[in-house]
$ cat my_file12.txt   # compact mmCIF, C-alpha atoms and all ligand atoms
# COMPACT_ATOMS: atom_id res chain seq x y z
CA MET A 8 0.00 0.00 0.00
CA LYS A 9 1.48 3.31 -1.03
CA HIS A 10 -1.16 5.97 -0.27
CA LEU A 11 -4.06 6.42 2.12
CA LEU A 12 -6.60 8.54 0.30
CA SER A 13 -9.87 7.02 1.40
CA ILE A 14 -11.26 4.41 3.76
CA ALA A 15 -12.10 2.34 0.70
CA ASP A 16 -8.33 1.99 0.14
CA LEU A 17 -8.29 -0.23 3.22
CA GLY A 18 -11.52 -2.17 3.39
CA ALA A 19 -12.39 -4.17 6.51
CA ARG A 20 -9.18 -6.17 6.41
CA GLY A 21 -6.95 -3.14 6.01
CA ILE A 22 -8.79 -1.33 8.81
CA ASN A 23 -8.25 -4.32 11.07
CA ASP A 24 -4.56 -4.30 10.18
CA VAL A 25 -4.22 -0.64 11.15
CA LEU A 26 -6.12 -1.21 14.41
CA HIS A 27 -3.91 -4.12 15.38
CA LEU A 28 -0.77 -2.15 14.70
CA THR A 29 -2.18 0.84 16.58
CA ASP A 30 -2.38 -1.23 19.73
CA ASN A 31 1.38 -1.49 19.65
CA PHE A 32 1.86 2.23 19.16
CA VAL A 33 -0.50 3.01 22.04
CA GLU A 34 1.88 0.99 24.15
CA VAL A 35 4.83 2.97 22.76
CA SER A 36 3.00 6.24 23.48
CA GLY A 37 2.63 5.22 27.11
CA ARG A 38 6.37 4.81 27.63
CA ALA A 39 8.49 7.34 29.47
CA ILE A 40 10.30 7.99 26.18
CA PRO A 41 7.58 7.45 23.59
CA LYS A 42 9.84 7.10 20.61
CA VAL A 43 11.00 4.30 18.31
CA PRO A 44 13.50 4.50 15.46
CA ALA A 45 11.19 2.89 12.90
CA LEU A 46 11.22 5.77 10.40
CA ARG A 47 14.66 7.18 11.04
CA GLY A 48 15.93 8.76 7.85
CA LYS A 49 12.45 9.32 6.41
CA THR A 50 11.09 12.79 5.78
CA ILE A 51 7.40 13.57 6.17
CA VAL A 52 5.84 16.85 5.06
CA SER A 53 2.62 18.37 6.38
CA LEU A 54 0.96 20.22 3.52
CA PHE A 55 -2.05 21.91 5.07
CA TYR A 56 -4.06 24.28 2.92
CA GLU A 57 -6.78 24.49 5.59
CA ASP A 58 -6.40 25.45 9.23
CA SER A 59 -5.92 22.62 11.66
CA THR A 60 -4.65 22.17 15.15
CA ARG A 61 -5.25 18.59 16.17
CA THR A 62 -4.75 16.74 12.89
CA ARG A 63 -1.53 18.50 11.99
CA LEU A 64 -0.07 18.24 15.49
CA SER A 65 -1.17 14.63 15.64
CA PHE A 66 0.59 13.69 12.40
CA GLU A 67 3.70 15.63 13.37
CA THR A 68 3.78 14.02 16.80
CA ALA A 69 3.31 10.60 15.21
CA ALA A 70 6.14 11.22 12.73
CA LYS A 71 8.47 12.41 15.49
CA ARG A 72 7.66 9.41 17.69
CA LEU A 73 8.74 7.25 14.77
CA SER A 74 11.98 9.29 14.51
CA ALA A 75 11.15 10.68 11.06
CA ASP A 76 12.22 14.17 10.04
CA THR A 77 9.30 16.53 9.58
CA MET A 78 8.67 19.58 7.45
CA THR A 79 5.68 21.84 7.88
CA PHE A 80 4.24 23.79 5.02
CA SER A 81 2.30 26.88 5.95
CA VAL A 82 0.18 28.36 3.17
CA SER A 83 0.25 31.88 4.56
CA SER A 84 4.05 32.10 4.59
CA SER A 85 4.67 30.15 1.38
CA SER A 86 4.86 30.96 -2.32
CA VAL A 87 1.19 30.00 -2.56
CA SER A 88 0.50 33.59 -1.56
CA LYS A 89 2.51 34.60 -4.65
CA GLY A 90 0.30 32.47 -6.88
CA GLU A 91 2.17 29.18 -6.97
CA SER A 92 -0.01 26.23 -8.00
CA LEU A 93 -0.53 23.13 -5.89
CA ARG A 94 1.36 21.06 -8.44
CA ASP A 95 4.37 23.38 -8.52
CA THR A 96 4.37 23.51 -4.75
CA VAL A 97 4.38 19.76 -4.25
CA GLU A 98 6.95 19.18 -6.99
CA THR A 99 9.20 21.79 -5.38
CA ILE A 100 8.87 20.15 -1.99
CA GLU A 101 9.44 16.71 -3.45
CA ALA A 102 12.65 17.87 -5.11
CA MET A 103 14.07 18.37 -1.61
CA GLY A 104 13.73 14.65 -0.98
CA ILE A 105 10.67 13.50 0.90
CA ASP A 106 9.02 10.19 1.64
CA ALA A 107 5.46 11.16 2.52
CA VAL A 108 3.12 14.11 2.20
CA VAL A 109 0.20 14.61 4.55
CA VAL A 110 -2.31 16.72 2.63
CA ARG A 111 -5.27 18.73 3.86
CA HIS A 112 -7.13 20.77 1.29
CA LYS A 113 -10.51 22.38 0.86
CA SER A 114 -11.04 20.67 -2.50
CA ALA A 115 -12.26 17.09 -2.62
CA GLY A 116 -9.76 15.04 -4.57
CA ALA A 117 -6.70 17.22 -3.93
CA PRO A 118 -4.72 14.45 -2.17
CA SER A 119 -5.46 12.10 -5.02
CA ARG A 120 -4.15 14.63 -7.52
CA VAL A 121 -1.03 15.10 -5.41
CA ALA A 122 -0.55 11.32 -5.43
CA SER A 123 -0.59 11.37 -9.22
CA TRP A 124 2.16 14.00 -9.33
CA VAL A 125 4.70 12.76 -6.77
CA GLY A 126 6.59 9.59 -6.01
CA ALA A 127 6.15 10.01 -2.26
CA SER A 128 3.35 8.41 -0.27
CA VAL A 129 0.32 10.65 0.17
CA ILE A 130 -2.01 10.62 3.15
CA ASN A 131 -5.34 12.39 3.03
CA ALA A 132 -5.71 14.51 6.17
CA GLY A 133 -9.10 15.85 5.04
CA ASP A 134 -10.19 16.98 1.58
CA GLY A 135 -13.21 19.22 1.38
CA TRP A 136 -16.42 17.33 2.14
CA HIS A 137 -14.92 14.15 0.83
CA GLU A 138 -12.93 12.06 3.34
CA HIS A 139 -10.82 12.10 6.47
CA PRO A 140 -9.67 8.48 6.68
CA THR A 141 -7.34 8.72 9.68
CA GLN A 142 -10.15 10.29 11.71
CA ALA A 143 -12.31 7.27 10.90
CA LEU A 144 -9.50 4.91 11.89
CA LEU A 145 -8.98 6.61 15.23
CA ASP A 146 -12.73 6.58 15.80
CA CYS A 147 -12.88 2.84 15.12
CA TYR A 148 -9.94 2.30 17.43
CA THR A 149 -11.52 4.37 20.19
CA ILE A 150 -14.83 2.51 19.96
CA GLY A 151 -13.10 -0.83 19.70
CA SER A 152 -10.84 -0.23 22.67
CA ARG A 153 -13.82 0.71 24.85
CA PHE A 154 -16.04 -2.16 23.83
CA GLY A 155 -13.40 -4.86 23.38
CA LEU A 156 -13.06 -4.94 19.61
CA ARG A 157 -12.95 -8.45 18.29
CA GLY A 158 -9.75 -8.20 16.35
CA ASP A 159 -9.21 -10.71 13.59
CA ARG A 160 -6.01 -10.55 11.66
CA SER A 161 -7.47 -12.54 8.82
CA GLY A 162 -10.07 -9.84 8.33
CA GLY A 163 -12.92 -12.28 8.62
CA ALA A 164 -14.66 -10.73 11.58
CA ALA A 165 -16.86 -7.68 11.50
CA SER A 166 -15.39 -6.05 14.54
CA LEU A 167 -18.19 -3.61 15.35
CA GLU A 168 -20.99 -6.01 14.53
CA GLY A 169 -24.07 -5.48 16.64
CA MET A 170 -23.20 -1.89 17.49
CA ARG A 171 -25.60 0.92 16.75
CA ILE A 172 -23.89 4.23 16.05
CA ALA A 173 -25.63 7.54 15.38
CA ILE A 174 -23.80 10.30 13.54
CA VAL A 175 -25.63 13.49 14.41
CA GLY A 176 -25.56 16.89 12.79
CA ASP A 177 -24.08 18.41 9.67
CA ILE A 178 -23.71 15.24 7.62
CA LYS A 179 -23.89 17.18 4.38
CA HIS A 180 -20.60 19.03 4.77
CA SER A 181 -18.75 16.42 6.79
CA ARG A 182 -15.82 14.45 5.45
CA VAL A 183 -15.67 12.79 8.86
CA ALA A 184 -19.20 11.44 8.38
CA ARG A 185 -18.30 10.02 4.97
CA SER A 186 -15.18 8.26 6.23
CA ASP A 187 -16.85 7.11 9.45
CA VAL A 188 -19.84 5.64 7.64
CA GLY A 189 -17.45 3.74 5.37
CA ALA A 190 -15.31 2.48 8.26
CA PHE A 191 -18.04 1.71 10.80
CA THR A 192 -20.15 -0.21 8.29
CA ALA A 193 -17.11 -2.02 6.89
CA LEU A 194 -16.61 -3.34 10.43
CA GLY A 195 -20.25 -4.37 10.68
CA ALA A 196 -21.82 -1.57 12.71
CA GLU A 197 -25.31 -0.28 12.05
CA VAL A 198 -25.18 3.46 11.36
CA VAL A 199 -28.04 5.92 11.63
CA VAL A 200 -27.50 9.48 10.46
CA VAL A 201 -29.53 12.01 12.42
CA ALA A 202 -30.02 15.47 10.95
CA PRO A 203 -32.58 17.89 9.61
CA PRO A 204 -33.19 17.39 5.88
CA THR A 205 -31.19 20.54 5.10
CA LEU A 206 -28.05 19.04 6.64
CA LEU A 207 -28.20 15.78 4.73
CA PRO A 208 -26.64 15.29 1.28
CA PRO A 209 -29.13 15.73 -1.57
CA SER A 210 -29.00 11.98 -2.14
CA LEU A 211 -28.08 9.18 0.22
CA ASP A 212 -27.92 6.60 -2.57
CA GLY A 213 -25.05 4.30 -1.81
CA TRP A 214 -24.90 5.24 1.88
CA PRO A 215 -25.39 2.07 3.95
CA VAL A 216 -27.27 3.96 6.68
CA THR A 217 -30.72 4.62 8.01
CA VAL A 218 -31.91 8.19 8.50
CA SER A 219 -33.67 9.84 11.40
CA HIS A 220 -34.75 13.43 11.79
CA HIS A 221 -35.48 12.99 15.48
CA LEU A 222 -32.58 12.58 17.88
CA ASP A 223 -34.97 12.05 20.78
CA GLU A 224 -36.40 8.96 19.11
CA VAL A 225 -33.04 7.20 18.82
CA ILE A 226 -30.99 8.53 21.70
CA GLY A 227 -31.83 5.68 24.10
CA THR A 228 -31.03 2.97 21.55
CA LEU A 229 -27.41 3.89 20.82
CA ASP A 230 -24.06 2.41 21.66
CA VAL A 231 -22.33 5.51 20.32
CA VAL A 232 -23.56 9.02 19.69
CA TYR A 233 -21.12 10.77 17.37
CA VAL A 234 -21.74 14.51 17.25
CA LEU A 235 -20.65 16.77 14.40
CA ARG A 236 -20.03 20.48 14.32
CA LEU A 237 -22.07 22.72 12.03
CA GLN A 238 -19.45 23.34 9.37
CA ARG A 239 -20.44 26.89 8.63
CA GLU A 240 -17.29 27.61 6.66
CA ARG A 241 -18.62 25.24 3.99
CA MET A 242 -22.19 26.52 3.95
CA THR A 243 -23.24 28.94 1.27
CA GLU A 244 -26.70 29.54 2.72
CA ALA A 245 -28.51 29.40 6.03
CA LEU A 246 -29.42 25.75 6.55
CA VAL A 247 -30.75 25.98 10.09
CA PRO A 248 -33.21 28.59 11.36
CA SER A 249 -31.01 29.53 14.31
CA MET A 250 -28.35 28.00 16.52
CA ARG A 251 -30.89 27.86 19.32
CA GLU A 252 -33.38 25.87 17.26
CA TYR A 253 -30.65 23.59 16.01
CA ARG A 254 -29.56 22.87 19.57
CA THR A 255 -33.16 22.22 20.59
CA GLY A 256 -33.61 19.60 17.86
CA TYR A 257 -30.16 18.10 17.43
CA GLY A 258 -27.84 19.24 20.20
CA LEU A 259 -26.48 16.64 22.60
CA THR A 260 -27.85 18.51 25.57
CA ALA A 261 -27.50 17.67 29.24
CA ALA A 262 -31.06 16.33 29.18
CA ARG A 263 -30.34 14.05 26.23
CA VAL A 264 -27.09 12.73 27.61
CA ARG A 265 -29.03 11.57 30.68
CA ARG A 266 -31.11 9.37 28.37
CA LEU A 267 -28.07 7.59 26.93
CA ARG A 268 -27.39 4.02 27.93
CA PRO A 269 -25.00 3.75 30.88
CA ASP A 270 -22.28 2.26 28.67
CA ALA A 271 -22.87 4.39 25.58
CA LEU A 272 -20.03 6.53 24.24
CA VAL A 273 -20.10 10.24 23.39
CA MET A 274 -17.78 11.14 20.51
CA HIS A 275 -16.91 14.29 18.55
CA PRO A 276 -14.08 14.82 16.05
CA GLY A 277 -13.48 18.37 17.28
CA PRO A 278 -13.36 21.26 17.23
CA MET A 279 -16.44 21.46 19.44
CA ASN A 280 -18.84 24.33 19.70
CA ARG A 281 -20.05 23.87 23.24
CA GLY A 282 -23.60 25.03 23.72
CA VAL A 283 -24.45 24.45 20.06
CA GLU A 284 -24.09 20.83 18.94
CA ILE A 285 -22.90 19.59 22.33
CA ASP A 286 -23.38 20.84 25.87
CA ALA A 287 -20.53 20.94 28.33
CA GLU A 288 -22.34 18.32 30.43
CA ALA A 289 -22.19 15.92 27.46
CA ALA A 290 -18.64 16.74 26.40
CA ASP A 291 -17.40 16.26 29.94
CA ASP A 292 -19.63 13.30 30.85
CA PRO A 293 -17.75 10.18 32.01
CA ARG A 294 -19.05 8.47 28.86
CA SER A 295 -17.32 11.02 26.67
CA VAL A 296 -14.24 9.68 24.90
CA ILE A 297 -13.47 12.88 23.03
CA THR A 298 -10.01 13.38 24.49
CA ALA A 299 -9.29 9.66 24.07
CA GLN A 300 -10.05 10.12 20.36
CA VAL A 301 -7.36 12.79 20.19
CA ALA A 302 -4.86 10.67 22.09
CA ASN A 303 -5.57 7.57 20.01
CA GLY A 304 -5.13 9.66 16.88
CA VAL A 305 -1.39 9.86 17.44
CA ALA A 306 -1.03 6.07 17.69
CA VAL A 307 -3.30 5.48 14.70
CA ARG A 308 -1.25 7.89 12.60
CA MET A 309 1.96 6.21 13.75
CA ALA A 310 0.47 2.96 12.49
CA VAL A 311 -0.51 4.48 9.15
CA LEU A 312 2.88 6.11 8.63
CA TYR A 313 4.61 2.90 9.58
CA LEU A 314 2.50 0.83 7.22
CA LEU A 315 3.15 3.22 4.34
CA LEU A 316 6.82 3.92 4.96
CA GLY A 317 8.27 1.49 7.40
CA ALA A 318 7.20 -1.92 6.24
CA GLY A 319 8.13 -3.49 2.96
CA THR A 320 10.85 -1.00 2.29
CA ASP A 321 14.46 -1.89 1.63
CA ARG A 322 15.54 -0.36 4.90
CA VAL A 323 16.71 -2.80 7.52
CA MET A 324 16.65 -1.19 10.89
CA SER A 325 17.84 -2.25 14.27
CA VAL A 326 14.69 -2.21 16.35
CA PRO A 327 15.18 -4.01 19.64
CA ALA A 328 12.08 -5.23 21.41
CA SER A 329 12.84 -3.70 24.77
CA ALA A 330 15.16 -1.35 26.56
CA GLU A 331 16.86 -4.34 28.14
CA GLU A 332 17.50 -5.88 24.76
CA ALA A 333 18.78 -2.55 23.52
CA ALA A 334 21.25 -2.44 26.38
CA LEU A 335 22.32 -6.00 25.64
CA GLU A 336 22.81 -5.15 22.00
CA ASP A 337 24.87 -2.14 22.89
CA GLN A 338 27.03 -4.32 25.09
CA ARG A 339 27.44 -6.84 22.30
CA GLY A 340 27.89 -4.06 19.76
CA ASP A 341 25.67 -5.82 17.26
CA HIS A 342 22.43 -4.95 15.54
CA LYS A 343 19.73 -7.34 14.65
CA PRO A 344 17.59 -6.64 11.62
CA ALA A 345 13.96 -5.93 12.31
CA SER A 346 11.42 -8.27 11.01
CA SER A 347 8.49 -6.65 9.28
CA ALA A 348 5.70 -5.47 11.46
CA GLY A 349 3.20 -8.17 10.91
CA PRO A 350 0.02 -6.69 9.57
CA VAL A 351 1.39 -5.58 6.24
CA ASP A 352 -0.43 -8.10 4.15
CA GLY A 353 -3.61 -6.08 3.79
CA PRO A 354 -5.07 -5.30 0.43
CA PRO A 355 -2.71 -3.23 -1.67
CA ALA A 356 -4.14 0.12 -2.60
CA PRO A 357 -4.02 1.18 -6.20
CA ASP A 358 -2.08 4.30 -6.95
CA ASP A 359 -5.12 5.87 -8.51
CA PRO A 360 -8.27 6.67 -6.56
CA PRO A 361 -10.23 3.44 -6.22
CA ALA A 362 -13.87 2.91 -6.97
CA ARG A 363 -15.57 3.66 -3.68
CA ASP A 364 -18.03 1.32 -2.08
CA GLY A 365 -18.79 3.65 0.82
CA PRO A 366 -20.85 6.78 0.68
CA PRO A 367 -20.39 8.62 -2.59
CA ALA A 368 -18.10 11.60 -2.68
CA PRO A 369 -19.76 14.98 -2.76
CA ASP A 370 -19.71 16.87 -5.96
CA GLY A 371 -16.68 18.88 -4.84
CA GLN A 372 -14.53 19.15 -7.90
CA ALA A 373 -11.06 17.66 -8.03
CA PRO A 374 -8.43 20.32 -8.27
CA THR A 375 -6.56 21.04 -11.41
CA ASP A 376 -2.89 21.85 -11.27
CA GLY A 377 -3.80 25.51 -11.31
CA GLN A 378 -4.09 27.70 -8.26
CA LEU A 379 -6.82 26.50 -5.94
CA VAL A 380 -9.21 29.00 -4.56
CA THR A 381 -10.04 28.99 -0.88
CA ASN A 382 -13.33 30.21 0.41
CA GLY A 383 -15.22 30.62 3.63
CA GLN A 384 -14.00 30.68 7.17
CA PRO A 385 -11.28 28.32 8.29
CA ALA A 386 -12.24 25.60 10.71
CA HIS A 387 -11.36 26.40 14.30
CA ASP A 388 -9.50 23.57 15.85
CA GLY A 389 -9.20 23.70 19.56
CA GLN A 390 -7.50 20.80 21.22
CA ALA A 391 -3.96 19.60 21.31
CA PRO A 392 -3.22 15.93 21.75
CA THR A 393 -3.97 14.71 25.23
CA ASP A 394 -2.29 11.99 27.20
CA HIS A 395 -4.45 8.92 26.65
CA ARG A 396 -3.38 7.50 29.96
CA SER A 397 -5.51 10.02 31.77
CA THR A 398 -8.41 9.91 29.33
CA ASN A 399 -8.97 6.24 28.56
CA LYS A 400 -11.41 5.68 31.36
CA LYS A 401 -12.23 2.03 30.83
CA PRO A 402 -9.56 -0.64 30.77
CA ARG A 403 -8.48 -1.20 27.19
CA ARG A 404 -8.19 -4.70 25.86
CA ARG A 405 -5.02 -5.36 23.94
CA LEU A 406 -5.54 -6.66 20.46
CA VAL A 407 -2.07 -8.11 20.02
CA PRO A 408 0.82 -8.36 22.43
CA ALA A 409 3.13 -5.40 22.15
CA ARG A 410 6.17 -7.51 21.47
CA GLU A 411 4.54 -9.26 18.57
CA SER A 412 5.65 -6.40 16.40
CA SER A 413 9.23 -5.38 16.01
CA VAL A 414 8.35 -1.74 15.46
CA THR A 415 7.64 -1.20 19.10
CA GLY A 416 11.14 -1.61 20.34
CA SER A 417 12.57 1.15 22.45
CA SER A 418 14.36 3.93 20.75
CA ARG A 419 17.97 4.29 21.60
CA ASP A 420 17.95 7.90 20.55
C1 LIG A 501 -12.42 18.00 10.03
O1 LIG A 501 -11.29 18.28 9.68
O2 LIG A 501 -13.29 17.68 9.21
C2 LIG A 501 -12.72 18.11 11.49
O3 LIG A 501 -11.94 17.30 12.22
C3 LIG A 501 -14.15 18.08 11.81
C4 LIG A 501 -14.62 19.49 11.74
O4 LIG A 501 -13.93 20.35 11.20
O5 LIG A 501 -15.70 19.74 12.24

$ encode --input "my_file12.txt" --output "structure tokens" --more "lines below"
Ligand code: MLT
Amino acid sequence: MKHLLSIADLGARGINDVLHLTDNFVEVSGRAIPKVPALRGKTIVSLFYEDSTRTRLSFETAAKRLSADTMTFSVSSSSVSKGESLRDTVETIEAMGIDAVVVRHKSAGAPSRVASWVGASVINAGDGWHEHPTQALLDCYTIGSRFGLRGDRSGGAASLEGMRIAIVGDIKHSRVARSDVGAFTALGAEVVVVAPPTLLPPSLDGWPVTVSHHLDEVIGTLDVVYVLRLQRERMTEALVPSMREYRTGYGLTAARVRRLRPDALVMHPGPMNRGVEIDAEAADDPRSVITAQVANGVAVRMAVLYLLLGAGTDRVMSVPASAEEAALEDQRGDHKPASSAGPVDGPPAPDDPPARDGPPAPDGQAPTDGQLVTNGQPAHDGQAPTDHRSTNKKPRRRLVPARESSVTGSSRD
């Protein structure tokens, strides 16, 4: 697999592979020195044409924990402001010698175009209304770790089978909803989208979901309530009468959170608008796993970067399985080659965008190699990564033993 552009690139088996590998990187992240040398010598660029706090920091933290070198591209201080096209920009960056580009762009399809121009791996960090695959992976991981995901390395099991998940709010403009629907249903969950008609896509053909316009009717039946922000920066017209009315009909209010099952989860991709789509009582409820989502995001992105760059390459790295082994190796002065990380036999992704079997992409146009126009307000991200050790409130079941994978050895940096 070379790129991660969409959840359909992975399928159920590929998602399971990422989740298994993530378990190992959660363990790494909990160490006193949360760093392994798996991607030493690799260079990863963040190419963010839209504002972001958590996703960019999460990818950069993940890259650093894998010992990769990182470069950050900032649109406002780059030659983009002088009219440079996306294609010229990425080709210029690639000429410096890079291994992966993490792309966020307001236009659906931009990461796929970048993948067609460069030899480096491309990871979609959110493209317009289209997809945000690593968000979906971290959401699956968070749900799975709370409910005891039935991991199956052969990909035969539907890990979220029997779970009922509601995605509530601005489905129409949400790339998170599109990727989550694809990932949750690939793992066997039942998904209901809950929104007023104005916040649903014009057609739900091809979406494997049921629809409700009444949150109160479904709230007590859910295993997970996944709340979305009103993405006003992508709206060209008023789609809700007022914030107050929206909250009355669709907000996860304190009253509604009281009607959730005792073991239900409250999720949100962030940034949150407290008092609009989610009340503070819901965001801070013990059933909320919102900060765990952020924390798990780092480990999930480590897994994705490792799968794209670390496994199956011609690099042979010394990756001892523990600090003690590292010390022993240092004493002996030898280096053992790492075996590959295990779950690398998932379905290979084509270099071109695959036919999608999840929800159809919105009609956001793919970018040309000309200058891309930005519009609307930037998204306001609010949270930095949080230590999962203080936020994972229920005991997490390990999917695979940490030492099963050679990538989790201690760094000797
Ligand atoms: C996104 O990038 O799509 C966010 O994480 C969700 C949002 O902006 O509301």

$ closest_residue --input "my_file12.txt" --among "A:Ser36, A:Ser65, A:Ser181, A:Thr255" --to "ligand LIG 501 (chain A)" --atoms "only C-alpha atoms and all ligand atoms"
A:Ser181

$ closest_residue --input "my_file12.txt" --among "A:Leu93, A:Leu314, A:Val110, A:Ala69" --to "ligand LIG 501 (chain A)" --atoms "all atoms listed in the file"
A:Val110

$ residues_near_ligand --input "my_file12.txt" --ligand "ligand LIG 501 (chain A)" --cutoff "7 Å" --atoms "all atoms listed in the file" --output "PDB file with C-alpha atoms, keeping the file's coordinate frame"
ATOM      1  CA  GLY A 133      -9.100  15.850   5.040  1.00  0.00           C
ATOM      2  CA  HIS A 139     -10.820  12.100   6.470  1.00  0.00           C
ATOM      3  CA  SER A 181     -18.750  16.420   6.790  1.00  0.00           C
ATOM      4  CA  ARG A 182     -15.820  14.450   5.450  1.00  0.00           C
ATOM      5  CA  VAL A 183     -15.670  12.790   8.860  1.00  0.00           C
ATOM      6  CA  LEU A 235     -20.650  16.770  14.400  1.00  0.00           C
ATOM      7  CA  ARG A 236     -20.030  20.480  14.320  1.00  0.00           C
ATOM      8  CA  GLN A 238     -19.450  23.340   9.370  1.00  0.00           C
ATOM      9  CA  PRO A 276     -14.080  14.820  16.050  1.00  0.00           C
ATOM     10  CA  GLY A 277     -13.480  18.370  17.280  1.00  0.00           C
ATOM     11  CA  PRO A 278     -13.360  21.260  17.230  1.00  0.00           C
ATOM     12  CA  ALA A 386     -12.240  25.600  10.710  1.00  0.00           C
TER      13      ALA A 386
END

$ closest_residue --input "my_file12.txt" --among "A:Ser249, A:Ser114, A:Ser210, A:Ser166" --to "A:Ala193" --atoms "only C-alpha atoms"
A:Ser166

$ closest_residue --input "my_file12.txt" --among "A:Ala122, A:Leu12, A:Ala132, A:Glu101" --to "A:Ser59" --atoms "all atoms listed in the file"
A:Ala132

$ residues_around --input "my_file12.txt" --residues "A:Arg63" --least-positions-apart "2" --cutoff "12 Å" --atoms "all atoms listed in the file" --output "MDAnalysis selection string"
chainID A and resid 51:61 65:70 77:81 108:111 130:133 141:142 301 304:305 308 388:392

$ atom_distance --input "my_file12.txt" --atom1 "atom CA of A:Val200" --atom2 "atom CA of A:Val311"
27.5 Å

$ closest_residue --input "my_file12.txt" --among "A:Ala245, A:Arg254, A:Met8, A:Leu46" --to "A:Asp24" --atoms "only C-alpha atoms"
A:Met8

$ atom_distance --input "my_file12.txt" --atom1 "atom CA of A:Ser119" --atom2 "atom CA of A:Val199"
28.7 Å

$ residues_around --input "my_file12.txt" --residues "stretch 47-50 of chain A" --least-positions-apart "2" --cutoff "8 Å" --atoms "only C-alpha atoms" --output "ChimeraX atom specification"
/A:44-45,52,73-78,104-107,316

$ write_last_selection --input "my_file12.txt" --atoms "C-alpha atoms" --output "CSV table (one decimal), in the coordinates of the input"
chain,number,residue,atom,x,y,z
A,44,PRO,CA,13.5,4.5,15.5
A,45,ALA,CA,11.2,2.9,12.9
A,52,VAL,CA,5.8,16.8,5.1
A,73,LEU,CA,8.7,7.2,14.8
A,74,SER,CA,12.0,9.3,14.5
A,75,ALA,CA,11.2,10.7,11.1
A,76,ASP,CA,12.2,14.2,10.0
A,77,THR,CA,9.3,16.5,9.6
A,78,MET,CA,8.7,19.6,7.4
A,104,GLY,CA,13.7,14.6,-1.0
A,105,ILE,CA,10.7,13.5,0.9
A,106,ASP,CA,9.0,10.2,1.6
A,107,ALA,CA,5.5,11.2,2.5
A,316,LEU,CA,6.8,3.9,5.0

$ atom_distance --input "my_file12.txt" --atom1 "atom CA of A:Leu267" --atom2 "atom CA of A:Ala143"
22.5 Å

$ closest_residue --input "my_file12.txt" --among "A:Asn23, A:Thr260, A:Gly213, A:Trp136" --to "A:Leu167" --atoms "all atoms listed in the file"
A:Asn23

$ residues_around --input "my_file12.txt" --residues "A:Ser13" --least-positions-apart "2" --cutoff "7 Å" --atoms "all atoms listed in the file" --output "ChimeraX atom specification"
/A:11,15-16,138,140

$ write_last_selection --input "my_file12.txt" --atoms "C-alpha atoms" --output "mmCIF file, in the coordinates of the input"
data_model
loop_
_atom_site.group_PDB
_atom_site.id
_atom_site.type_symbol
_atom_site.label_atom_id
_atom_site.label_comp_id
_atom_site.auth_asym_id
_atom_site.auth_seq_id
_atom_site.Cartn_x
_atom_site.Cartn_y
_atom_site.Cartn_z
ATOM 1 C CA LEU A 11 -4.060 6.420 2.120
ATOM 2 C CA ALA A 15 -12.100 2.340 0.700
ATOM 3 C CA ASP A 16 -8.330 1.990 0.140
ATOM 4 C CA GLU A 138 -12.930 12.060 3.340
ATOM 5 C CA PRO A 140 -9.670 8.480 6.680
#

$ residues_around --input "my_file12.txt" --residues "A:Leu315" --least-positions-apart "2" --cutoff "8 Å" --atoms "only C-alpha atoms" --output "list in words"
Met8, Lys9, His10, Ser128, Val311, Leu312, Tyr313, Gly317 and Ala318 of chain A

$ write_last_selection --input "my_file12.txt" --atoms "C-alpha atoms" --output "PDB file, in the frame of the given file"
ATOM      1  CA  MET A   8       0.000   0.000   0.000  1.00  0.00           C
ATOM      2  CA  LYS A   9       1.480   3.310  -1.030  1.00  0.00           C
ATOM      3  CA  HIS A  10      -1.160   5.970  -0.270  1.00  0.00           C
ATOM      4  CA  SER A 128       3.350   8.410  -0.270  1.00  0.00           C
ATOM      5  CA  VAL A 311      -0.510   4.480   9.150  1.00  0.00           C
ATOM      6  CA  LEU A 312       2.880   6.110   8.630  1.00  0.00           C
ATOM      7  CA  TYR A 313       4.610   2.900   9.580  1.00  0.00           C
ATOM      8  CA  GLY A 317       8.270   1.490   7.400  1.00  0.00           C
ATOM      9  CA  ALA A 318       7.200  -1.920   6.240  1.00  0.00           C
TER      10      ALA A 318
END

$ residues_around --input "my_file12.txt" --residues "A:Val232" --least-positions-apart "4" --cutoff "10 Å" --atoms "all atoms listed in the file" --output "list of chain:residue names"
A:Arg171, A:Ile172, A:Ala173, A:Ile174, A:Val175, A:Val199, A:Val201, A:Leu222, A:Val225, A:Ile226, A:Gly227, A:Thr228, A:Leu259, A:Val264, A:Leu267, A:Ala271, A:Leu272, A:Val273, A:Met274, A:His275, A:Ser295

$ decode --input "my_file12.txt" --residues "stretch 43-47 of chain A" --atoms "N, CA and C atoms" --output "compact mmCIF listing (two decimals), in the first residue's frame"
# COMPACT_ATOMS: atom_id res chain seq x y z
N VAL A 43 10.32 5.46 18.89
CA VAL A 43 11.00 4.30 18.31
C VAL A 43 11.68 4.74 17.02
N PRO A 44 12.72 4.04 16.63
CA PRO A 44 13.50 4.50 15.46
C PRO A 44 12.97 3.97 14.12
N ALA A 45 11.72 3.60 14.07
CA ALA A 45 11.19 2.89 12.90
C ALA A 45 11.32 3.67 11.60
N LEU A 46 11.16 4.98 11.64
CA LEU A 46 11.22 5.77 10.40
C LEU A 46 12.41 6.73 10.39
N ARG A 47 13.45 6.34 11.06
CA ARG A 47 14.66 7.18 11.04
C ARG A 47 15.14 7.30 9.60
